[in-house]
Amino acid sequence: MVGGGQLARMTHEAGIPLGIRFKLLSDTPQDSAAQVVADVVVGDYRDLETLRDFARGCDVITFDHEHVPTEHLKALEADGIPVRPGPDALVHAQDKGVMRDRLAAIGVPCPRNRIVAGPADVARFAAEGDGWPVVLKTVRGGYDGKGVWVVRDEAGAAEPFRAGVPVLAEEKVDFVRELAANVVRSPHGQAVAYPVVESVQVDGVCNEVVAPAPGLSEELSGEAQRIALTVAEELGVVGHLAVELFETRDGRVLVNELAMRPHNSGHWTMDGAVTSQFANHLRAVLDLPLGDPRPRSRWTVMANVLGGDYPDMYPAYLHCMARDPGLKIHMYGKDVKPGRKVGHVNTYGDDLDEVRERARHAADYLRGTITE
Ligand code: ADP
């Protein structure tokens, strides 16, 4: 796996019972996954020779992020190394402009959008639709809300163009909530769909995930799963695909973006599904039969643990573990910095309010925003 973040750490964890030998290319020996994987190469994924050396002896290469340049992935494929997901699929998770064009071509519902040339063109885009505000996104390099601007007039539209990267304009969707439809597809075409979840974002960062999305009609949940399976099939995705969606006020779902790797909206599956997203991602990239995606409990809630002002979590561990023995804690081995995702907790049970309260309490307590 290329990339040493928490997604690699948890994928490695899922590979242990399957007896999978896991090799990691990590930026530094301190990265989340590099701390726990035995076979680590420290190097820069942007350097083709580093990638080539790393890939030698691997049966298959997969990723914990989408930043490896497309031409490097093509070079690895030309060397005979299976790259999963492959570069032709992955480009849709790397480039929002390419993604929008392709989704339009296969008839998947998206917010109105187009590439814009500068602030005056953004004003034209606004005038062509319902006016301001307009959402602007750099087509590449954004994450956790960085690279996304909500602009209210032409003067405010200058900033996104400063980076010199193409900019995509989108209508600002009046959504009720954000959903994620997660599916896993293997090279021989088997696919499984997890229940559609609600994903609560705060300041562009995923904060909480509820599985399944409370109150979502069977029709919309089926529609969201169908969209995700169609995207996986049409784009030739191998591995886990997260389709982030908006549920609109008028009862539709529109695709926001795609991630072709394990995803924050699937962390609940570690404790809440028969087979976790990480285990299924590995099974898919190795072309093994996929595992059952069904939930093990009526409700599962995942809450991200963000860093707060207290670097030492030991006292908080004592409290959280003692208060709630059913709490599932997953920490990533990262230094605590304010606002940084350092772990997550999962809770599950029959009563949604109670399950949610337990997850929120633990995440807030670990962060230090509550003390009792
Ligand atoms: P990132 O690549 O940083 O994850 P996203 O495209 O997912 O960026 O956007 C981050 C957040 O911004 C979304 O989760 C959503 O809350 C908001 N957002 C993005 N696009 C739109 C849109 N067209 N309309 C309304 N809100 C949007």
# chains A, B, ... in the order shown; residues from 1 in each chain; ligands from 1
>>> residues_around(residues="stretch 120-133 of chain A", least_positions_apart="4", cutoff="12 Å", atoms="only C-alpha atoms", output="list in words")
Pro111, Arg112, Asn113, Arg114, Ile115, Val116, Lys137, Trp149, Val150, Val151, Arg152, Asp153, Glu154, Ala155, Gly156, Ala157, Ala158, Pro160, Phe161, Val167, Leu168, Ala169, Glu170, Glu171, Lys172, Val173 and Asp174 of chain A
>>> write_last_selection(atoms="C-alpha atoms", output="short mmCIF file (atom, residue, chain, number, x, y, z; two decimals), in the first residue's frame")
data_model
loop_
_atom_site.label_atom_id
_atom_site.label_comp_id
_atom_site.auth_asym_id
_atom_site.auth_seq_id
_atom_site.Cartn_x
_atom_site.Cartn_y
_atom_site.Cartn_z
CA PRO A 111 -24.88 19.51 -9.09
CA ARG A 112 -24.84 21.85 -12.11
CA ASN A 113 -21.16 22.51 -12.84
CA ARG A 114 -18.52 23.58 -15.32
CA ILE A 115 -14.86 24.60 -15.48
CA VAL A 116 -14.54 28.39 -15.15
CA LYS A 137 -13.20 23.97 -6.22
CA TRP A 149 -14.75 28.09 -1.51
CA VAL A 150 -18.30 29.36 -1.25
CA VAL A 151 -18.31 32.72 -3.06
CA ARG A 152 -21.02 35.35 -3.02
CA ASP A 153 -19.90 37.76 -5.73
CA GLU A 154 -17.37 38.28 -8.50
CA ALA A 155 -14.86 40.04 -6.23
CA GLY A 156 -14.90 37.08 -3.85
CA ALA A 157 -14.16 34.66 -6.69
CA ALA A 158 -10.53 35.70 -7.22
CA PRO A 160 -9.31 30.06 -5.99
CA PHE A 161 -7.62 31.09 -9.24
CA VAL A 167 -11.23 25.71 -11.13
CA LEU A 168 -14.61 23.99 -11.20
CA ALA A 169 -17.79 25.96 -10.42
CA GLU A 170 -20.81 24.21 -8.93
CA GLU A 171 -24.25 25.37 -7.94
CA LYS A 172 -24.52 25.56 -4.15
CA VAL A 173 -26.78 22.63 -3.39
CA ASP A 174 -29.51 23.25 -0.84
#
>>> select_by_dssp(residues="stretch 243-368 of chain A", states="alpha helix (DSSP H)", output="ChimeraX atom specification")
/A:269-272,277-285,314-323,352-367
>>> write_last_selection(atoms="N, CA and C atoms", output="compact mmCIF listing (two decimals), in the first residue's frame")
# COMPACT_ATOMS: atom_id res chain seq x y z
N THR A 269 -17.79 0.35 9.81
CA THR A 269 -17.86 -1.08 9.45
C THR A 269 -16.87 -1.93 10.25
N MET A 270 -15.86 -1.30 10.86
CA MET A 270 -14.87 -2.08 11.63
C MET A 270 -15.55 -2.86 12.76
N ASP A 271 -16.56 -2.24 13.35
CA ASP A 271 -17.27 -2.89 14.45
C ASP A 271 -18.74 -3.14 14.11
N GLY A 272 -19.26 -2.47 13.10
CA GLY A 272 -20.70 -2.50 12.85
C GLY A 272 -21.14 -3.35 11.67
N GLN A 277 -14.82 -2.39 5.76
CA GLN A 277 -14.38 -1.85 4.47
C GLN A 277 -12.92 -2.19 4.19
N PHE A 278 -12.11 -2.27 5.25
CA PHE A 278 -10.68 -2.53 5.06
C PHE A 278 -10.46 -3.97 4.59
N ALA A 279 -11.16 -4.91 5.24
CA ALA A 279 -11.04 -6.31 4.83
C ALA A 279 -11.56 -6.48 3.40
N ASN A 280 -12.66 -5.83 3.09
CA ASN A 280 -13.20 -5.98 1.74
C ASN A 280 -12.34 -5.29 0.69
N HIS A 281 -11.71 -4.18 1.07
CA HIS A 281 -10.80 -3.52 0.13
C HIS A 281 -9.66 -4.49 -0.23
N LEU A 282 -9.10 -5.11 0.80
CA LEU A 282 -8.01 -6.07 0.55
C LEU A 282 -8.49 -7.25 -0.29
N ARG A 283 -9.66 -7.79 0.07
CA ARG A 283 -10.18 -8.94 -0.68
C ARG A 283 -10.38 -8.55 -2.13
N ALA A 284 -10.84 -7.33 -2.37
CA ALA A 284 -11.09 -6.88 -3.75
C ALA A 284 -9.78 -6.72 -4.52
N VAL A 285 -8.81 -6.04 -3.93
CA VAL A 285 -7.59 -5.79 -4.70
C VAL A 285 -6.82 -7.09 -4.96
N TYR A 314 -4.16 9.70 28.23
CA TYR A 314 -4.28 8.61 29.21
C TYR A 314 -5.43 8.83 30.21
N PRO A 315 -5.53 10.02 30.82
CA PRO A 315 -6.65 10.20 31.77
C PRO A 315 -8.01 10.03 31.09
N ALA A 316 -8.09 10.49 29.84
CA ALA A 316 -9.37 10.37 29.12
C ALA A 316 -9.68 8.89 28.82
N TYR A 317 -8.65 8.11 28.53
CA TYR A 317 -8.84 6.67 28.31
C TYR A 317 -9.49 6.04 29.54
N LEU A 318 -8.95 6.37 30.70
CA LEU A 318 -9.47 5.78 31.95
C LEU A 318 -10.96 6.06 32.06
N HIS A 319 -11.33 7.30 31.83
CA HIS A 319 -12.73 7.68 31.98
C HIS A 319 -13.60 6.98 30.93
N CYS A 320 -13.19 7.05 29.67
CA CYS A 320 -14.05 6.54 28.58
C CYS A 320 -14.21 5.02 28.67
N MET A 321 -13.13 4.34 28.96
CA MET A 321 -13.21 2.88 29.03
C MET A 321 -14.05 2.44 30.22
N ALA A 322 -13.91 3.15 31.32
CA ALA A 322 -14.67 2.77 32.52
C ALA A 322 -16.15 3.11 32.36
N ARG A 323 -16.43 4.24 31.72
CA ARG A 323 -17.82 4.67 31.58
C ARG A 323 -18.60 3.76 30.64
N LEU A 352 -30.95 4.53 18.82
CA LEU A 352 -30.07 5.48 18.14
C LEU A 352 -29.62 6.62 19.05
N ASP A 353 -30.55 7.19 19.83
CA ASP A 353 -30.17 8.33 20.68
C ASP A 353 -29.07 7.94 21.66
N GLU A 354 -29.24 6.75 22.23
CA GLU A 354 -28.26 6.30 23.21
C GLU A 354 -26.91 6.00 22.54
N VAL A 355 -26.98 5.34 21.40
CA VAL A 355 -25.75 4.97 20.68
C VAL A 355 -24.98 6.23 20.27
N ARG A 356 -25.73 7.23 19.82
CA ARG A 356 -25.11 8.48 19.39
C ARG A 356 -24.52 9.25 20.58
N GLU A 357 -25.25 9.27 21.66
CA GLU A 357 -24.76 9.97 22.86
C GLU A 357 -23.44 9.35 23.33
N ARG A 358 -23.36 8.03 23.31
CA ARG A 358 -22.14 7.36 23.78
C ARG A 358 -20.95 7.70 22.88
N ALA A 359 -21.18 7.70 21.56
CA ALA A 359 -20.08 8.02 20.63
C ALA A 359 -19.65 9.47 20.80
N ARG A 360 -20.62 10.37 20.85
CA ARG A 360 -20.28 11.80 20.99
C ARG A 360 -19.56 12.08 22.29
N HIS A 361 -20.08 11.47 23.35
CA HIS A 361 -19.47 11.71 24.66
C HIS A 361 -17.99 11.29 24.63
N ALA A 362 -17.74 10.10 24.10
CA ALA A 362 -16.35 9.60 24.10
C ALA A 362 -15.46 10.49 23.24
N ALA A 363 -15.95 10.88 22.04
CA ALA A 363 -15.12 11.72 21.16
C ALA A 363 -14.84 13.08 21.81
N ASP A 364 -15.87 13.66 22.42
CA ASP A 364 -15.70 14.97 23.08
C ASP A 364 -14.77 14.86 24.28
N TYR A 365 -14.92 13.77 25.02
CA TYR A 365 -14.09 13.61 26.22
C TYR A 365 -12.62 13.39 25.83
N LEU A 366 -12.42 12.58 24.80
CA LEU A 366 -11.04 12.33 24.36
C LEU A 366 -10.40 13.61 23.83
N ARG A 367 -11.22 14.45 23.24
CA ARG A 367 -10.70 15.71 22.72
C ARG A 367 -10.46 16.71 23.86
>>> residues_near_ligand(ligand="ligand 1", cutoff="9 Å", atoms="only C-alpha atoms and all ligand atoms", output="mmCIF file with N, CA and C atoms, in the first residue's frame")
data_model
loop_
_atom_site.group_PDB
_atom_site.id
_atom_site.type_symbol
_atom_site.label_atom_id
_atom_site.label_comp_id
_atom_site.auth_asym_id
_atom_site.auth_seq_id
_atom_site.Cartn_x
_atom_site.Cartn_y
_atom_site.Cartn_z
ATOM 1 N N LYS A 96 -11.510 16.562 -10.115
ATOM 2 C CA LYS A 96 -12.962 16.765 -10.021
ATOM 3 C C LYS A 96 -13.590 17.133 -11.371
ATOM 4 N N CYS A 110 -25.605 15.012 -10.730
ATOM 5 C CA CYS A 110 -24.590 15.844 -10.060
ATOM 6 C C CYS A 110 -25.127 17.261 -9.941
ATOM 7 N N PRO A 111 -24.545 18.088 -9.069
ATOM 8 C CA PRO A 111 -24.884 19.509 -9.086
ATOM 9 C C PRO A 111 -24.494 20.104 -10.447
ATOM 10 N N ARG A 112 -25.216 21.159 -10.876
ATOM 11 C CA ARG A 112 -24.839 21.854 -12.110
ATOM 12 C C ARG A 112 -23.402 22.337 -11.944
ATOM 13 N N ASN A 113 -22.574 22.172 -12.991
ATOM 14 C CA ASN A 113 -21.160 22.511 -12.841
ATOM 15 C C ASN A 113 -20.526 22.780 -14.185
ATOM 16 N N VAL A 134 -21.971 30.610 -5.303
ATOM 17 C CA VAL A 134 -21.457 29.542 -6.160
ATOM 18 C C VAL A 134 -20.328 28.845 -5.385
ATOM 19 N N VAL A 135 -20.210 27.536 -5.558
ATOM 20 C CA VAL A 135 -19.120 26.804 -4.913
ATOM 21 C C VAL A 135 -17.994 26.636 -5.936
ATOM 22 N N LEU A 136 -16.784 27.051 -5.554
ATOM 23 C CA LEU A 136 -15.622 26.885 -6.435
ATOM 24 C C LEU A 136 -14.677 25.858 -5.823
ATOM 25 N N LYS A 137 -14.115 25.018 -6.700
ATOM 26 C CA LYS A 137 -13.199 23.973 -6.217
ATOM 27 C C LYS A 137 -12.007 23.883 -7.157
ATOM 28 N N THR A 138 -10.798 23.797 -6.590
ATOM 29 C CA THR A 138 -9.669 23.463 -7.451
ATOM 30 C C THR A 138 -9.867 22.006 -7.868
ATOM 31 N N VAL A 139 -9.608 21.698 -9.142
ATOM 32 C CA VAL A 139 -9.928 20.345 -9.621
ATOM 33 C C VAL A 139 -9.040 19.280 -8.985
ATOM 34 N N ARG A 140 -7.840 19.670 -8.557
ATOM 35 C CA ARG A 140 -6.932 18.691 -7.948
ATOM 36 C C ARG A 140 -6.413 19.201 -6.606
ATOM 37 N N GLY A 141 -6.057 18.268 -5.751
ATOM 38 C CA GLY A 141 -5.282 18.609 -4.550
ATOM 39 C C GLY A 141 -6.092 18.995 -3.330
ATOM 40 N N GLY A 142 -7.434 19.046 -3.425
ATOM 41 C CA GLY A 142 -8.224 19.421 -2.247
ATOM 42 C C GLY A 142 -8.455 18.229 -1.332
ATOM 43 N N TYR A 143 -8.661 18.500 -0.056
ATOM 44 C CA TYR A 143 -9.077 17.457 0.891
ATOM 45 C C TYR A 143 -9.651 18.149 2.112
ATOM 46 N N ASP A 144 -10.549 17.455 2.809
ATOM 47 C CA ASP A 144 -11.144 17.983 4.038
ATOM 48 C C ASP A 144 -11.565 19.450 3.906
ATOM 49 N N GLY A 145 -12.166 19.796 2.762
ATOM 50 C CA GLY A 145 -12.697 21.143 2.595
ATOM 51 C C GLY A 145 -11.657 22.166 2.147
ATOM 52 N N LYS A 146 -10.359 21.770 2.150
ATOM 53 C CA LYS A 146 -9.349 22.698 1.612
ATOM 54 C C LYS A 146 -9.452 22.605 0.100
ATOM 55 N N GLY A 147 -9.414 23.758 -0.572
ATOM 56 C CA GLY A 147 -9.635 23.716 -2.015
ATOM 57 C C GLY A 147 -11.100 23.871 -2.381
ATOM 58 N N VAL A 148 -11.941 24.253 -1.405
ATOM 59 C CA VAL A 148 -13.367 24.521 -1.666
ATOM 60 C C VAL A 148 -13.717 25.906 -1.108
ATOM 61 N N TRP A 149 -14.346 26.752 -1.940
ATOM 62 C CA TRP A 149 -14.749 28.086 -1.514
ATOM 63 C C TRP A 149 -16.221 28.303 -1.846
ATOM 64 N N VAL A 150 -16.941 28.931 -0.932
ATOM 65 C CA VAL A 150 -18.303 29.365 -1.251
ATOM 66 C C VAL A 150 -18.199 30.868 -1.503
ATOM 67 N N ALA A 169 -16.683 25.273 -11.111
ATOM 68 C CA ALA A 169 -17.790 25.957 -10.418
ATOM 69 C C ALA A 169 -18.944 24.983 -10.289
ATOM 70 N N GLU A 170 -19.615 25.031 -9.137
ATOM 71 C CA GLU A 170 -20.812 24.207 -8.931
ATOM 72 C C GLU A 170 -21.902 25.060 -8.309
ATOM 73 N N GLU A 171 -23.145 24.747 -8.655
ATOM 74 C CA GLU A 171 -24.253 25.374 -7.939
ATOM 75 C C GLU A 171 -24.125 25.010 -6.467
ATOM 76 N N LYS A 172 -24.521 25.902 -5.572
ATOM 77 C CA LYS A 172 -24.517 25.557 -4.147
ATOM 78 C C LYS A 172 -25.796 24.786 -3.860
ATOM 79 N N VAL A 173 -25.623 23.507 -3.570
ATOM 80 C CA VAL A 173 -26.781 22.628 -3.387
ATOM 81 C C VAL A 173 -27.429 22.909 -2.037
ATOM 82 N N ASP A 174 -28.752 23.042 -2.067
ATOM 83 C CA ASP A 174 -29.505 23.253 -0.841
ATOM 84 C C ASP A 174 -29.825 21.861 -0.286
ATOM 85 N N PHE A 175 -28.855 21.311 0.456
ATOM 86 C CA PHE A 175 -29.056 19.917 0.881
ATOM 87 C C PHE A 175 -29.592 19.815 2.306
ATOM 88 N N ARG A 177 -28.920 16.974 4.088
ATOM 89 C CA ARG A 177 -27.804 16.318 4.778
ATOM 90 C C ARG A 177 -26.905 15.656 3.745
ATOM 91 N N GLU A 178 -25.737 15.210 4.232
ATOM 92 C CA GLU A 178 -24.804 14.515 3.358
ATOM 93 C C GLU A 178 -24.852 13.022 3.661
ATOM 94 N N SER A 199 -23.474 11.281 6.861
ATOM 95 C CA SER A 199 -22.158 11.772 7.258
ATOM 96 C C SER A 199 -22.311 13.236 7.666
ATOM 97 N N VAL A 200 -21.964 13.525 8.907
ATOM 98 C CA VAL A 200 -22.121 14.890 9.416
ATOM 99 C C VAL A 200 -20.771 15.588 9.320
ATOM 100 N N GLN A 201 -20.728 16.712 8.587
ATOM 101 C CA GLN A 201 -19.471 17.440 8.395
ATOM 102 C C GLN A 201 -19.488 18.710 9.240
ATOM 103 N N VAL A 202 -18.356 18.996 9.867
ATOM 104 C CA VAL A 202 -18.198 20.280 10.544
ATOM 105 C C VAL A 202 -16.955 20.939 9.965
ATOM 106 N N ASP A 203 -17.110 22.161 9.425
ATOM 107 C CA ASP A 203 -16.001 22.885 8.786
ATOM 108 C C ASP A 203 -15.290 22.034 7.729
ATOM 109 N N GLY A 204 -16.078 21.302 6.918
ATOM 110 C CA GLY A 204 -15.486 20.528 5.827
ATOM 111 C C GLY A 204 -14.838 19.218 6.275
ATOM 112 N N VAL A 205 -14.893 18.917 7.587
ATOM 113 C CA VAL A 205 -14.287 17.679 8.090
ATOM 114 C C VAL A 205 -15.392 16.766 8.601
ATOM 115 N N CYS A 206 -15.316 15.482 8.213
ATOM 116 C CA CYS A 206 -16.304 14.511 8.681
ATOM 117 C C CYS A 206 -16.189 14.378 10.201
ATOM 118 N N GLU A 244 -19.722 10.214 -2.105
ATOM 119 C CA GLU A 244 -20.300 11.208 -1.200
ATOM 120 C C GLU A 244 -21.453 11.882 -1.924
ATOM 121 N N LEU A 245 -22.590 11.988 -1.227
ATOM 122 C CA LEU A 245 -23.815 12.466 -1.871
ATOM 123 C C LEU A 245 -24.459 13.568 -1.049
ATOM 124 N N PHE A 246 -25.231 14.406 -1.734
ATOM 125 C CA PHE A 246 -26.121 15.349 -1.056
ATOM 126 C C PHE A 246 -27.541 14.828 -1.176
ATOM 127 N N ASN A 256 -21.525 14.308 -4.795
ATOM 128 C CA ASN A 256 -20.543 15.354 -4.503
ATOM 129 C C ASN A 256 -19.163 14.913 -4.985
ATOM 130 N N GLU A 257 -18.648 13.842 -4.395
ATOM 131 C CA GLU A 257 -17.342 13.407 -4.893
ATOM 132 C C GLU A 257 -17.089 11.931 -4.638
ATOM 133 N N LEU A 258 -15.999 11.440 -5.218
ATOM 134 C CA LEU A 258 -15.659 10.021 -5.159
ATOM 135 C C LEU A 258 -14.317 9.827 -4.453
#
>>> residues_around(residues="stretch 11-27 of chain A", least_positions_apart="2", cutoff="8 Å", atoms="only C-alpha atoms", output="NGL selection string")
:A and (1-4 or 7-9 or 29 or 31 or 33-34 or 37-45 or 54 or 58 or 276 or 278-279 or 281-282)
>>> closest_residue(among="A:Pro187, A:Pro295, A:Pro85, A:Gly97", to="A:Tyr348", atoms="only C-alpha atoms")
A:Pro295
>>> residues_around(residues="stretch 306-312 of chain A", least_positions_apart="5", cutoff="10 Å", atoms="only C-alpha atoms", output="JSON, numbers by chain")
{"A": [207, 317, 334, 335, 336, 337, 338, 339, 340, 341, 342, 343, 344, 363, 364, 365, 366, 367, 368, 369]}
>>> write_last_selection(atoms="all heavy atoms", output="compact mmCIF listing (two decimals), in the first residue's frame")
# COMPACT_ATOMS: atom_id res chain seq x y z
N ASN A 207 -17.33 14.50 10.87
CA ASN A 207 -17.34 14.52 12.32
C ASN A 207 -17.98 13.26 12.88
O ASN A 207 -17.53 12.69 13.86
CB ASN A 207 -18.12 15.77 12.73
CG ASN A 207 -17.99 16.10 14.18
OD1 ASN A 207 -16.88 16.13 14.68
ND2 ASN A 207 -19.12 16.31 14.83
N TYR A 317 -8.65 8.11 28.53
CA TYR A 317 -8.84 6.67 28.31
C TYR A 317 -9.49 6.04 29.54
O TYR A 317 -10.43 5.25 29.44
CB TYR A 317 -7.49 5.98 28.09
CG TYR A 317 -7.04 5.88 26.65
CD1 TYR A 317 -7.50 6.77 25.70
CD2 TYR A 317 -6.17 4.88 26.25
CE1 TYR A 317 -7.08 6.67 24.39
CE2 TYR A 317 -5.74 4.78 24.94
CZ TYR A 317 -6.19 5.68 24.02
OH TYR A 317 -5.78 5.57 22.73
N LYS A 334 -1.10 9.10 16.22
CA LYS A 334 -0.63 10.41 15.76
C LYS A 334 -0.46 11.34 16.95
O LYS A 334 -1.22 11.25 17.92
CB LYS A 334 -1.69 11.04 14.84
CG LYS A 334 -1.85 10.36 13.51
CD LYS A 334 -2.98 11.07 12.78
CE LYS A 334 -2.98 10.83 11.31
NZ LYS A 334 -4.07 11.60 10.67
N ASP A 335 0.48 12.27 16.82
CA ASP A 335 0.60 13.31 17.83
C ASP A 335 -0.66 14.15 17.82
O ASP A 335 -1.22 14.44 16.76
CB ASP A 335 1.80 14.23 17.53
CG ASP A 335 3.12 13.51 17.79
OD1 ASP A 335 3.09 12.51 18.54
OD2 ASP A 335 4.14 13.93 17.22
N VAL A 336 -1.09 14.52 19.02
CA VAL A 336 -2.31 15.33 19.14
C VAL A 336 -2.01 16.77 18.75
O VAL A 336 -1.11 17.39 19.30
CB VAL A 336 -2.84 15.27 20.59
CG1 VAL A 336 -3.99 16.25 20.79
CG2 VAL A 336 -3.26 13.85 20.94
N LYS A 337 -2.75 17.26 17.75
CA LYS A 337 -2.67 18.69 17.41
C LYS A 337 -4.09 19.17 17.29
O LYS A 337 -4.96 18.42 16.79
CB LYS A 337 -1.97 18.90 16.06
CG LYS A 337 -0.50 18.61 16.10
CD LYS A 337 0.21 19.07 14.83
CE LYS A 337 1.61 18.51 14.80
NZ LYS A 337 2.02 18.05 13.47
N PRO A 338 -4.39 20.42 17.73
CA PRO A 338 -5.78 20.87 17.71
C PRO A 338 -6.42 20.68 16.32
O PRO A 338 -5.86 21.10 15.30
CB PRO A 338 -5.67 22.35 18.08
CG PRO A 338 -4.42 22.43 18.91
CD PRO A 338 -3.48 21.41 18.31
N GLY A 339 -7.56 20.00 16.28
CA GLY A 339 -8.33 19.83 15.05
C GLY A 339 -7.89 18.66 14.19
O GLY A 339 -8.57 18.30 13.23
N ARG A 340 -6.77 18.03 14.50
CA ARG A 340 -6.27 16.91 13.68
C ARG A 340 -7.05 15.63 14.02
O ARG A 340 -7.31 15.34 15.18
CB ARG A 340 -4.80 16.71 14.02
CG ARG A 340 -4.09 15.70 13.18
CD ARG A 340 -2.67 15.52 13.69
NE ARG A 340 -1.82 14.95 12.66
CZ ARG A 340 -0.60 14.46 12.88
NH1 ARG A 340 -0.10 14.49 14.10
NH2 ARG A 340 0.11 13.96 11.90
N LYS A 341 -7.39 14.84 12.98
CA LYS A 341 -8.05 13.56 13.22
C LYS A 341 -7.03 12.59 13.81
O LYS A 341 -6.07 12.20 13.14
CB LYS A 341 -8.53 12.94 11.89
CG LYS A 341 -9.83 13.45 11.36
CD LYS A 341 -10.21 12.68 10.09
CE LYS A 341 -11.11 13.50 9.20
NZ LYS A 341 -11.31 12.91 7.87
N VAL A 342 -7.21 12.21 15.06
CA VAL A 342 -6.23 11.32 15.69
C VAL A 342 -6.79 9.93 15.97
O VAL A 342 -6.07 9.03 16.40
CB VAL A 342 -5.66 11.94 17.00
CG1 VAL A 342 -4.83 13.18 16.68
CG2 VAL A 342 -6.77 12.28 18.00
N GLY A 343 -8.10 9.76 15.74
CA GLY A 343 -8.70 8.45 15.96
C GLY A 343 -10.21 8.53 15.74
O GLY A 343 -10.73 9.56 15.29
N HIS A 344 -10.88 7.43 16.01
CA HIS A 344 -12.34 7.46 16.00
C HIS A 344 -12.87 6.43 16.98
O HIS A 344 -12.13 5.55 17.42
CB HIS A 344 -12.91 7.22 14.58
CG HIS A 344 -12.73 5.83 14.07
ND1 HIS A 344 -11.63 5.42 13.34
CD2 HIS A 344 -13.51 4.72 14.19
CE1 HIS A 344 -11.74 4.15 13.03
NE2 HIS A 344 -12.87 3.68 13.54
N ALA A 363 -15.95 10.88 22.04
CA ALA A 363 -15.12 11.72 21.16
C ALA A 363 -14.84 13.08 21.81
O ALA A 363 -13.71 13.57 21.77
CB ALA A 363 -15.81 11.90 19.81
N ASP A 364 -15.87 13.66 22.42
CA ASP A 364 -15.70 14.97 23.08
C ASP A 364 -14.77 14.86 24.28
O ASP A 364 -13.95 15.74 24.54
CB ASP A 364 -17.05 15.53 23.54
CG ASP A 364 -17.90 15.98 22.36
OD1 ASP A 364 -17.35 16.12 21.24
OD2 ASP A 364 -19.13 16.18 22.53
N TYR A 365 -14.92 13.77 25.02
CA TYR A 365 -14.09 13.61 26.22
C TYR A 365 -12.62 13.39 25.83
O TYR A 365 -11.72 13.96 26.43
CB TYR A 365 -14.60 12.44 27.07
CG TYR A 365 -14.14 12.53 28.49
CD1 TYR A 365 -14.96 13.10 29.47
CD2 TYR A 365 -12.87 12.09 28.85
CE1 TYR A 365 -14.52 13.21 30.78
CE2 TYR A 365 -12.42 12.19 30.15
CZ TYR A 365 -13.25 12.76 31.12
OH TYR A 365 -12.80 12.87 32.41
N LEU A 366 -12.42 12.58 24.80
CA LEU A 366 -11.04 12.33 24.36
C LEU A 366 -10.40 13.61 23.83
O LEU A 366 -9.20 13.84 23.98
CB LEU A 366 -11.00 11.23 23.29
CG LEU A 366 -11.30 9.81 23.81
CD1 LEU A 366 -11.61 8.85 22.65
CD2 LEU A 366 -10.12 9.27 24.63
N ARG A 367 -11.22 14.45 23.24
CA ARG A 367 -10.70 15.71 22.72
C ARG A 367 -10.46 16.71 23.86
O ARG A 367 -9.65 17.62 23.75
CB ARG A 367 -11.70 16.31 21.73
CG ARG A 367 -11.17 17.55 21.04
CD ARG A 367 -12.12 18.07 19.99
NE ARG A 367 -11.49 19.15 19.23
CZ ARG A 367 -12.04 19.75 18.19
NH1 ARG A 367 -13.22 19.39 17.77
NH2 ARG A 367 -11.40 20.71 17.57
N GLY A 368 -11.22 16.54 24.91
CA GLY A 368 -11.06 17.45 26.05
C GLY A 368 -12.05 18.60 26.05
O GLY A 368 -11.90 19.55 26.83
N THR A 369 -13.09 18.53 25.20
CA THR A 369 -14.07 19.62 25.19
C THR A 369 -15.13 19.43 26.29
O THR A 369 -15.86 20.36 26.58
CB THR A 369 -14.76 19.77 23.83
OG1 THR A 369 -15.18 18.48 23.38
CG2 THR A 369 -13.83 20.35 22.79
>>> closest_residue(among="A:Ile81, A:Ala211, A:Ile106, A:Val60", to="A:Glu234", atoms="only C-alpha atoms")
A:Ile106
>>> atom_distance(atom1="atom CA of A:Glu77", atom2="atom CA of A:Arg102")
22.7 Å
>>> closest_residue(among="A:Met260, A:Ala105, A:Val210, A:Val238", to="A:Gly349", atoms="only C-alpha atoms")
A:Val210
>>> decode(residues="stretch 307-329 of chain A", atoms="C-alpha atoms", output="mmCIF file, in the first residue's frame")
data_model
loop_
_atom_site.group_PDB
_atom_site.id
_atom_site.type_symbol
_atom_site.label_atom_id
_atom_site.label_comp_id
_atom_site.auth_asym_id
_atom_site.auth_seq_id
_atom_site.Cartn_x
_atom_site.Cartn_y
_atom_site.Cartn_z
ATOM 1 C CA GLY A 307 -7.050 16.581 18.745
ATOM 2 C CA GLY A 308 -7.686 19.175 21.455
ATOM 3 C CA ASP A 309 -5.486 21.055 23.885
ATOM 4 C CA TYR A 310 -4.382 17.984 25.882
ATOM 5 C CA PRO A 311 -1.638 15.933 24.216
ATOM 6 C CA ASP A 312 -1.885 13.146 26.816
ATOM 7 C CA MET A 313 -5.009 11.024 26.367
ATOM 8 C CA TYR A 314 -4.280 8.614 29.208
ATOM 9 C CA PRO A 315 -6.647 10.200 31.770
ATOM 10 C CA ALA A 316 -9.365 10.365 29.118
ATOM 11 C CA TYR A 317 -8.841 6.665 28.312
ATOM 12 C CA LEU A 318 -9.468 5.781 31.948
ATOM 13 C CA HIS A 319 -12.731 7.677 31.979
ATOM 14 C CA CYS A 320 -14.052 6.536 28.578
ATOM 15 C CA MET A 321 -13.209 2.879 29.028
ATOM 16 C CA ALA A 322 -14.669 2.767 32.515
ATOM 17 C CA ARG A 323 -17.820 4.667 31.583
ATOM 18 C CA ASP A 324 -18.627 2.572 28.508
ATOM 19 C CA PRO A 325 -17.147 -0.917 28.227
ATOM 20 C CA GLY A 326 -18.978 -1.382 24.905
ATOM 21 C CA LEU A 327 -17.108 1.534 23.327
ATOM 22 C CA LYS A 328 -14.765 0.647 20.448
ATOM 23 C CA ILE A 329 -11.727 2.917 20.311
#
